[in-house]
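**Q** Mind having a look at this structure? Questions to follow.
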Amino acid sequence: MTASSATKPTPVPMLDLKRQYVTIREQVRAAIDQVCESQSLVLGEEVAALEREISAHLEVASAVGCSSGTDALWLALAGVGVTTGDSFITTPFTFFASASSITRCGARPVFADIDPATFNLSPNAVEQVIEDKRPENLKGVMPVHLYGQCVDADAFDAVAASHKLVIVEDAAQAFGATWKGRHAGALGLTAAFSFYPTKNLSAFGDAGAATTTDPEVGEHMKRLRNHGAARRYYHEEIGWNARMDGIQGAVLRIKLRHIEQWNQRRAEIAATYDQLLLHAGLAGVRGTSIHVDAVGPIALPATKPEAKHIFHQYVIRAHRRDELREFLHQRQIGCEIYYPVPLHLQQCFAYLGYKPGDFPESERACLEVLALPIFPELTEDEQQRVISAIAEFYSK
Ligand SMILES: Cc1ncc(COP(=O)(O)O)c(C=O)c1O
C-alpha cells in the first residue's frame, strides 16, 4: 500500500442502488423481457397485477398505478373532488409536491406547523389553524408521513371528524409503514406513493400510485389518470395523462416481494445508528431530545410507539449542522438536507402571504436536520465510518 492510498478516505454513499440491483438482477431482467415480448408498454397486465398486489399488501380497496408520486398526489386530491376555490391544509416541512399538487387542483395550500419530535404535521397545530384562520372552503388535510414514519392517525381522524374534512395522505416516503398495524395508504380516504428511484420501493424511472379505501374513488382516479375517460375518446371530465409504463409495473412487482425484508433491514440500520451515536456520547442520555447544543450535539430520530417506522431516511438534528455537512462531504461521506427551505418561504408561494417566524418548528428543522446514509445493503463498517467522522468533527 502506498502512503497516499493509506490515507485516502473510503467514501460512504448516501445511496447505492447497484447493490440492490445485483441481488434481483435475473428476476428484474426476466420481468422486463416479458414486457418487451408482450409489447404491452403502457398500463397493461403488469400494471393491473401490481395494482391488485399493492391493494392486497396495504389492505386498501384500490390502487391506481401512475407516472410519479407528484401525479399520485394530484390524483388523490382530484379523486376526492378538490377543486378551484378550496383550501387544503398541509405541512411546510416536506417536499415541494405536497403543496404544489394542491395548487394544481386550483386549491389554496394552508400550512400548519410540525411536531418537533417526529417532524410530522402536528394535529394540534392543524386544529389551531382552523380555529384562528378559518380557511375558506376548507376541504381537507394532507398529513405527510415524513421520512417513513406515519403521523398520529387517530388524532387526524378526530380533527377530520370534528371539521368534516377528508384526509389525503402523502405517503410518498412510507411504503410499508404502519400506525397501530394500519398501513400508510389506508389511513385516509386517499393516499399517494412515490416510486422514484431513491424511494424505499423504487421503479426504474418515475412512477407512483394513488390508493383509496373507497372503490368508487378508485374508479374515479383510474379515469382521471387516463384523460377522464373510462371509454376511449369519451371524456366524462377533464383528466390528464398520468399513466404508468408496463416496465415500471413489472419491476415494481419484483421489488414488492422484497419490501418487507428491506424495510426490516432499514429499521435495523437505524437501531445501529442510534446505538453508535449513543455510545460515542454524541446524543445525550435520552438521545431523542429536540434540542441540540455543544454538550449534546446530536438528537436521534424519535419513533412513536404506535408507529412502525420504515426509515426511508434516518434523520438527526445536528448542532452546527452546515459545518458538519461540509466536513462529511470533504470525507466523501454522504449526507443530505431534507429540507433546507420550508414551503411557506418558497418564492413561488409568496402570494400566500406567509413570513419568516410563522412556523418556528419547521424553520428550526430546516436549519438542524441532516439525513445520514441508509439503504438495506449499507454495511455496519460503513455505519461506523459515518459515526467516527461525526465524532471527529465534534471533538475539534
Ligand atoms: C413527501 C413527498 N411527496 C411527494 C413526492 C413526489 O414524488 P415524485 O418525485 O415521484 O413525483 C416526493 C418525492 O420526492 C416526496 O418525498
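Ligands are numbered from 1 in the order shown, residues from 1 within each chain, and chains are lettered A, B, ... in the order they appear in the C-alpha cells.
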Excluding A:Asp358 and residues on its chain fewer than 6 positions from it, collect all residues at most 10 Å away from it, counting only C-alpha atoms, and give them as a ChimeraX atom specification.

**A** /A:111-113,344-345

**Q** How about saving the chosen residues, C-alpha atoms kept, as an mmCIF file, in the first residue's frame?

**A**
data_model
loop_
_atom_site.group_PDB
_atom_site.id
_atom_site.type_symbol
_atom_site.label_atom_id
_atom_site.label_comp_id
_atom_site.auth_asym_id
_atom_site.auth_seq_id
_atom_site.Cartn_x
_atom_site.Cartn_y
_atom_site.Cartn_z
ATOM 1 C CA PHE A 111 -49.850 25.493 6.323
ATOM 2 C CA ALA A 112 -49.669 24.341 9.934
ATOM 3 C CA ASP A 113 -46.508 23.663 11.944
ATOM 4 C CA HIS A 344 -44.180 28.830 3.273
ATOM 5 C CA LEU A 345 -40.953 30.732 2.492
#

**Q** Can you tell me, as a PyMOL selection string, what residues are no more than 12 Å from A:Asn200 when counting only C-alpha atoms, ignoring any on the same chain fewer than 2 positions away?

**A** chain A and resi 15+17+20+147-148+171-177+193-198+202-203+252+255-256+258-267+310-313+374-376

**Q** Enumerate, as JSON, numbers by chain, the complete set of residues in stretch 336-368 of chain A that a backbone-based DSSP assignment places in helix (DSSP H, G or I).

**A** {"A": [343, 344, 345, 347, 348, 349, 350, 351, 352, 360, 361, 362, 363, 364, 365, 366, 367, 368]}

**Q** Listing only residues of chain A within 8 Å of ligand 1, what is the closest atom pair and its distance in Å (to one decimal) for each, using only C-alpha atoms and all ligand atoms, sorted by chain and residue number ascending, as a Markdown table?

**A**
| residue | atom | partner | partner_atom_place_in_ligand_line | distance |
| --- | --- | --- | --- | --- |
| A:Ser67 | CA | ligand 1 | 10 (O) | 7.8 |
| A:Ser68 | CA | ligand 1 | 10 (O) | 4.1 |
| A:Gly69 | CA | ligand 1 | 10 (O) | 3.4 |
| A:Thr70 | CA | ligand 1 | 11 (O) | 3.6 |
| A:Asp71 | CA | ligand 1 | 11 (O) | 6.5 |
| A:Ala72 | CA | ligand 1 | 11 (O) | 7.8 |
| A:Leu73 | CA | ligand 1 | 4 (C) | 7.1 |
| A:Thr94 | CA | ligand 1 | 1 (C) | 5.6 |
| A:Phe95 | CA | ligand 1 | 1 (C) | 4.8 |
| A:Phe96 | CA | ligand 1 | 3 (N) | 7.1 |
| A:Ala97 | CA | ligand 1 | 4 (C) | 4.9 |
| A:Ser98 | CA | ligand 1 | 3 (N) | 5.1 |
| A:Val144 | CA | ligand 1 | 1 (C) | 6.1 |
| A:His145 | CA | ligand 1 | 1 (C) | 7.3 |
| A:Leu146 | CA | ligand 1 | 1 (C) | 6.3 |
| A:Asp170 | CA | ligand 1 | 3 (N) | 5.8 |
| A:Ala171 | CA | ligand 1 | 1 (C) | 6.8 |
| A:Ala172 | CA | ligand 1 | 2 (C) | 4.8 |
| A:Gln173 | CA | ligand 1 | 16 (O) | 5.5 |
| A:Ala192 | CA | ligand 1 | 4 (C) | 7.7 |
| A:Phe193 | CA | ligand 1 | 7 (O) | 7.2 |
| A:Ser194 | CA | ligand 1 | 10 (O) | 4.1 |
| A:Phe195 | CA | ligand 1 | 10 (O) | 5.7 |
| A:Tyr196 | CA | ligand 1 | 10 (O) | 4.6 |
| A:Lys199 | CA | ligand 1 | 13 (C) | 7.6 |
| A:Asp206 | CA | ligand 1 | 10 (O) | 6.0 |
| A:Ala207 | CA | ligand 1 | 10 (O) | 6.0 |
| A:Gly208 | CA | ligand 1 | 10 (O) | 5.8 |

**Q** Only N, CA, C and O atoms, please: the residues just picked out, written as a compact mmCIF listing (two decimals), in the first residue's frame.

**A**
# COMPACT_ATOMS: atom_id res chain seq x y z
N SER A 67 -47.80 7.82 -13.12
CA SER A 67 -46.50 8.18 -13.68
C SER A 67 -45.50 8.75 -12.68
O SER A 67 -44.31 8.81 -12.98
N SER A 68 -45.93 9.19 -11.50
CA SER A 68 -44.99 9.71 -10.49
C SER A 68 -45.74 9.89 -9.17
O SER A 68 -46.98 9.85 -9.14
N GLY A 69 -44.99 10.16 -8.13
CA GLY A 69 -45.62 10.47 -6.85
C GLY A 69 -46.37 11.79 -6.93
O GLY A 69 -47.41 11.96 -6.29
N THR A 70 -45.83 12.72 -7.70
CA THR A 70 -46.49 14.02 -7.86
C THR A 70 -47.85 13.85 -8.52
O THR A 70 -48.85 14.43 -8.08
N ASP A 71 -47.90 13.03 -9.57
CA ASP A 71 -49.20 12.76 -10.21
C ASP A 71 -50.12 11.97 -9.28
O ASP A 71 -51.34 12.15 -9.31
N ALA A 72 -49.54 11.10 -8.45
CA ALA A 72 -50.36 10.35 -7.50
C ALA A 72 -51.03 11.31 -6.52
O ALA A 72 -52.21 11.13 -6.15
N LEU A 73 -50.29 12.35 -6.09
CA LEU A 73 -50.88 13.34 -5.19
C LEU A 73 -52.03 14.09 -5.87
O LEU A 73 -53.08 14.32 -5.28
N THR A 94 -41.77 19.64 4.11
CA THR A 94 -41.98 18.48 3.25
C THR A 94 -41.41 18.78 1.88
O THR A 94 -40.93 19.89 1.62
N PHE A 95 -41.48 17.79 0.99
CA PHE A 95 -41.09 18.03 -0.39
C PHE A 95 -42.14 18.92 -1.06
O PHE A 95 -43.34 18.84 -0.76
N PHE A 96 -41.68 19.70 -2.01
CA PHE A 96 -42.49 20.70 -2.71
C PHE A 96 -43.84 20.17 -3.21
O PHE A 96 -44.87 20.84 -3.15
N ALA A 97 -43.83 18.92 -3.72
CA ALA A 97 -45.04 18.40 -4.39
C ALA A 97 -46.23 18.27 -3.46
O ALA A 97 -47.38 18.28 -3.93
N SER A 98 -46.00 18.15 -2.15
CA SER A 98 -47.14 18.06 -1.23
C SER A 98 -48.04 19.28 -1.42
O SER A 98 -49.26 19.17 -1.46
N VAL A 144 -48.23 14.28 5.92
CA VAL A 144 -47.13 13.64 5.16
C VAL A 144 -46.40 12.71 6.13
O VAL A 144 -46.00 13.15 7.22
N HIS A 145 -46.26 11.45 5.77
CA HIS A 145 -45.56 10.51 6.66
C HIS A 145 -44.06 10.66 6.40
O HIS A 145 -43.43 9.87 5.68
N LEU A 146 -43.50 11.72 7.00
CA LEU A 146 -42.15 12.14 6.63
C LEU A 146 -41.09 11.14 7.07
O LEU A 146 -41.14 10.63 8.20
N ASP A 170 -49.98 12.02 2.13
CA ASP A 170 -48.78 11.96 1.29
C ASP A 170 -47.90 10.87 1.89
O ASP A 170 -47.19 11.08 2.88
N ALA A 171 -48.00 9.68 1.27
CA ALA A 171 -47.27 8.50 1.76
C ALA A 171 -46.07 8.21 0.86
O ALA A 171 -45.58 7.08 0.81
N ALA A 172 -45.61 9.26 0.15
CA ALA A 172 -44.53 9.08 -0.83
C ALA A 172 -43.30 8.38 -0.24
O ALA A 172 -42.60 7.65 -0.93
N GLN A 173 -43.04 8.64 1.06
CA GLN A 173 -41.82 8.10 1.68
C GLN A 173 -42.11 6.92 2.61
O GLN A 173 -41.26 6.56 3.41
N ALA A 192 -51.05 8.94 -1.59
CA ALA A 192 -50.14 8.93 -2.75
C ALA A 192 -48.80 8.33 -2.36
O ALA A 192 -48.25 8.66 -1.30
N PHE A 193 -48.28 7.47 -3.23
CA PHE A 193 -46.93 6.89 -3.07
C PHE A 193 -46.06 7.32 -4.24
O PHE A 193 -46.54 7.43 -5.36
N SER A 194 -44.77 7.48 -3.93
CA SER A 194 -43.79 7.73 -5.00
C SER A 194 -42.90 6.50 -5.13
O SER A 194 -42.47 5.94 -4.11
N PHE A 195 -42.62 6.12 -6.36
CA PHE A 195 -41.67 5.03 -6.60
C PHE A 195 -40.43 5.56 -7.34
O PHE A 195 -39.78 4.83 -8.09
N TYR A 196 -40.14 6.83 -7.14
CA TYR A 196 -38.93 7.44 -7.68
C TYR A 196 -37.72 6.59 -7.23
O TYR A 196 -37.74 6.02 -6.14
N LYS A 199 -36.61 6.12 -3.60
CA LYS A 199 -37.58 5.74 -2.56
C LYS A 199 -37.35 4.30 -2.10
O LYS A 199 -36.71 3.50 -2.79
N ASP A 206 -39.43 7.18 -13.24
CA ASP A 206 -40.51 7.79 -12.47
C ASP A 206 -41.73 6.87 -12.44
O ASP A 206 -42.10 6.28 -13.46
N ALA A 207 -42.37 6.77 -11.28
CA ALA A 207 -43.63 6.03 -11.15
C ALA A 207 -44.24 6.35 -9.79
O ALA A 207 -43.54 6.85 -8.89
N GLY A 208 -45.52 6.09 -9.65
CA GLY A 208 -46.19 6.32 -8.37
C GLY A 208 -47.49 5.55 -8.32
O GLY A 208 -47.84 4.82 -9.27

**Q** Stretch 139-363 of chain A: which residues are strand (DSSP E or B) by DSSP, as a PyMOL selection string?

**A** chain A and resi 139-142+144+166-170+178-179+182-183+190-194+208-212+226+231+234+241+245+298-299+307-308+314-318+333+336

**Q** For stretch 5-78 of chain A against stretch 135-143 of chain A, with a cut-off of 12 Å and counting only C-alpha atoms, what is the closest atom pair and its distance in Å to one decimal for every residue that makes the cut, ordered by chain and number, as JSON lines?

**A**
{"residue": "A:Leu73", "atom": "CA", "partner": "A:Met142", "partner_atom": "CA", "distance": 9.7}
{"residue": "A:Trp74", "atom": "CA", "partner": "A:Met142", "partner_atom": "CA", "distance": 11.8}
{"residue": "A:Ala76", "atom": "CA", "partner": "A:Met142", "partner_atom": "CA", "distance": 10.2}
{"residue": "A:Leu77", "atom": "CA", "partner": "A:Met142", "partner_atom": "CA", "distance": 9.2}
{"residue": "A:Ala78", "atom": "CA", "partner": "A:Lys139", "partner_atom": "CA", "distance": 11.5}

**Q** With C-alpha atoms retained, could you export that selection as a PDB file, in the first residue's frame?

**A**
ATOM      1  CA  LEU A  73     -50.880  13.342  -5.186  1.00  0.00           C
ATOM      2  CA  TRP A  74     -52.847  15.139  -7.855  1.00  0.00           C
ATOM      3  CA  ALA A  76     -55.520  11.573  -4.685  1.00  0.00           C
ATOM      4  CA  LEU A  77     -56.748  15.179  -4.386  1.00  0.00           C
ATOM      5  CA  ALA A  78     -58.721  15.432  -7.626  1.00  0.00           C
TER       6      ALA A  78
END
